[in-house]
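Asks: For reference, the structure I am asking about is given below.
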Amino acid sequence: MKRRTAAAILAVFAVWSTPALAWDPFREDGLPETSEPDRELDPAPFIAPPPGLYYVTDTYVADVVTSSGPLTTYSTSTVHESTGSYARVLDTVGTGASSGFDGTAFNGRRALGDGRSVAGTYYENYVLGDGGFVPVSIVFFQDDAELARLLAAPTQGPRSVTPAPAMPSVSPATTRLVTTACCAANRSVVTIASPTPTPTPAPARPIRPGISLLPASAPLARVEVLRGRAVSLYLRAFVDDREVPVRSWTVIAGDPGETLATSGSGSVPFRTSWRHLPQPGAAYEILFRIDVDSPDTGHRVVDATIAVVVRSPALEN
């Protein structure tokens, strides 16, 4: 009996010692699938522009013609933006010079008042396509100025001229016998001299004006200065190849900048500075009237002009 009881107790303990199995609700779903990360597409390869080709950051807007008194300036208006295009310089031409690209630009090339073509630069525009850089157009950036003649001779209409009374032809020295009424025997001799010709005055010798940075340096038609920096301009005059003294000078047109005096004697230079930049591609044009009085020229006036390009940075104080 005891043996049966012990066997029954061992059987009960054996049943209790069997490990319990827990239920897993996600058991049938299986292992999570690991997806491979999406592969990014390769970026388009960078194509470097060929030598001479650059990325455009200032885009052409229009040709600009401005007048300030007798001075007319030809410039080009741009906007600081990019259309994704490229460009290269084709040709830079001076005033009146011809170019092999004349007639190819979509905006044309203007002419000065005397018929000469304006100065400037031809550019060719490119876009990047599937086959590389493709030319699409040619544009002309004008950069020139001209000064109108202020002292043009007035037009005179025909004037009526009263003819002078006719005079008998007389030799340089003619001897004429005059017989008096009372006595034919007594004769007097009268000598008539020819009129002295009036000398023709010599034509006035031309005066060539000049503007320089030093009292004895070469005259300049264009000068570049830094923004805010003072500059001195000396007004000079020449007859043939010899310099003549300047009596006085006066600024009559243009932007004189931050100057304290717009007139002075010939020994004093014009001193000024510019704190503001002109329009892109433009320059400050100044017109001076120079007064000359010397034995070679007499009292005369002549006009001189200079273009001032202001660069940045440099502004101090």
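If you're wondering about the labels, chains in the structure tokens are A, B, ... by order shown, residues count from 1 in each chain, ligands from 1 in order shown.
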Range 138-143 of chain A: which residues within 7 Å, counting only C-alpha atoms, same-chain residues fewer than 3 positions away excluded, as a PyMOL selection string?

Replies: chain A and resi 74-76+104-109+118-125

Asks: Limited to N, CA, C and O atoms, could you put the picked residues into a file as a tab-separated table (two decimals), in the first residue's frame?

Replies:
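Final file, again_2.tsv:
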```tsv
chain	number	residue	atom	x	y	z
A	74	TYR	N	26.17	106.48	-73.95
A	74	TYR	CA	25.59	105.23	-74.45
A	74	TYR	C	26.06	104.10	-73.54
A	74	TYR	O	27.25	103.82	-73.46
A	75	SER	N	25.13	103.46	-72.80
A	75	SER	CA	25.48	102.40	-71.87
A	75	SER	C	24.48	101.25	-72.01
A	75	SER	O	23.56	101.31	-72.82
A	76	THR	N	24.69	100.20	-71.20
A	76	THR	CA	23.85	99.01	-71.24
A	76	THR	C	23.31	98.72	-69.86
A	76	THR	O	24.07	98.70	-68.89
A	104	THR	N	25.20	90.87	-86.32
A	104	THR	CA	24.83	89.55	-85.79
A	104	THR	C	24.14	89.63	-84.44
A	104	THR	O	23.50	88.67	-84.04
A	105	ALA	N	24.28	90.74	-83.71
A	105	ALA	CA	23.67	90.86	-82.38
A	105	ALA	C	22.17	91.12	-82.50
A	105	ALA	O	21.72	91.84	-83.39
A	106	PHE	N	21.40	90.52	-81.59
A	106	PHE	CA	19.95	90.69	-81.66
A	106	PHE	C	19.52	92.11	-81.28
A	106	PHE	O	18.43	92.54	-81.65
A	107	ASN	N	20.37	92.86	-80.53
A	107	ASN	CA	20.01	94.23	-80.18
A	107	ASN	C	20.70	95.27	-81.06
A	107	ASN	O	20.54	96.47	-80.86
A	108	GLY	N	21.48	94.85	-82.03
A	108	GLY	CA	22.11	95.78	-82.97
A	108	GLY	C	23.23	96.58	-82.33
A	108	GLY	O	23.66	96.32	-81.20
A	109	ARG	N	23.73	97.58	-83.07
A	109	ARG	CA	24.81	98.46	-82.62
A	109	ARG	C	24.48	99.88	-83.06
A	109	ARG	O	24.34	100.15	-84.26
A	118	VAL	N	29.08	103.12	-82.20
A	118	VAL	CA	29.50	103.28	-80.81
A	118	VAL	C	30.47	102.17	-80.42
A	118	VAL	O	30.51	101.10	-81.02
A	119	ALA	N	31.24	102.43	-79.38
A	119	ALA	CA	32.18	101.44	-78.86
A	119	ALA	C	31.45	100.46	-77.95
A	119	ALA	O	30.38	100.77	-77.41
A	120	GLY	N	32.01	99.27	-77.77
A	120	GLY	CA	31.40	98.27	-76.90
A	120	GLY	C	32.01	96.90	-77.09
A	120	GLY	O	33.09	96.75	-77.66
A	121	THR	N	31.29	95.87	-76.61
A	121	THR	CA	31.79	94.50	-76.62
A	121	THR	C	30.70	93.55	-77.09
A	121	THR	O	29.54	93.68	-76.68
A	122	TYR	N	31.07	92.62	-77.97
A	122	TYR	CA	30.17	91.56	-78.43
A	122	TYR	C	30.34	90.33	-77.53
A	122	TYR	O	31.47	89.91	-77.24
A	123	TYR	N	29.19	89.76	-77.07
A	123	TYR	CA	29.19	88.53	-76.28
A	123	TYR	C	28.32	87.49	-76.99
A	123	TYR	O	27.31	87.83	-77.61
A	124	GLU	N	28.71	86.21	-76.86
A	124	GLU	CA	27.91	85.10	-77.39
A	124	GLU	C	27.38	84.29	-76.22
A	124	GLU	O	28.13	83.91	-75.32
A	125	ASN	N	26.06	84.03	-76.20
A	125	ASN	CA	25.39	83.32	-75.11
A	125	ASN	C	25.28	81.83	-75.44
A	125	ASN	O	25.04	81.45	-76.60
```

Asks: Just the residues within 7 Å of range 249-258 of chain A, please, counting only C-alpha atoms, with nothing from its chain fewer than 6 positions along; format it as a PyMOL selection string.

Replies: chain A and resi 68-69+264-266+272-274+284-291

Asks: Write out as a ChimeraX atom specification each polymer residue whose atoms come within 10 Å of Pro280 in chain A, counting only C-alpha atoms; drop sequence neighbours fewer than 6 positions from it.

Replies: /A:58,75-80

Asks: Hey, what does DSSP flag as strand (DSSP E or B) within range 94-127 of chain A? Can you give it to me as a PyMOL selection string?

Replies: chain A and resi 111+117+120-127

Asks: In terms of the shortest atom-to-atom distance over only C-alpha atoms, which of A:Asp303, A:Ser117, A:Ala283, A:Ala261 is closest to Asp102 in chain A?

Replies: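 With only C-alpha atoms as the atom set, the closest residue is A:Ser117.
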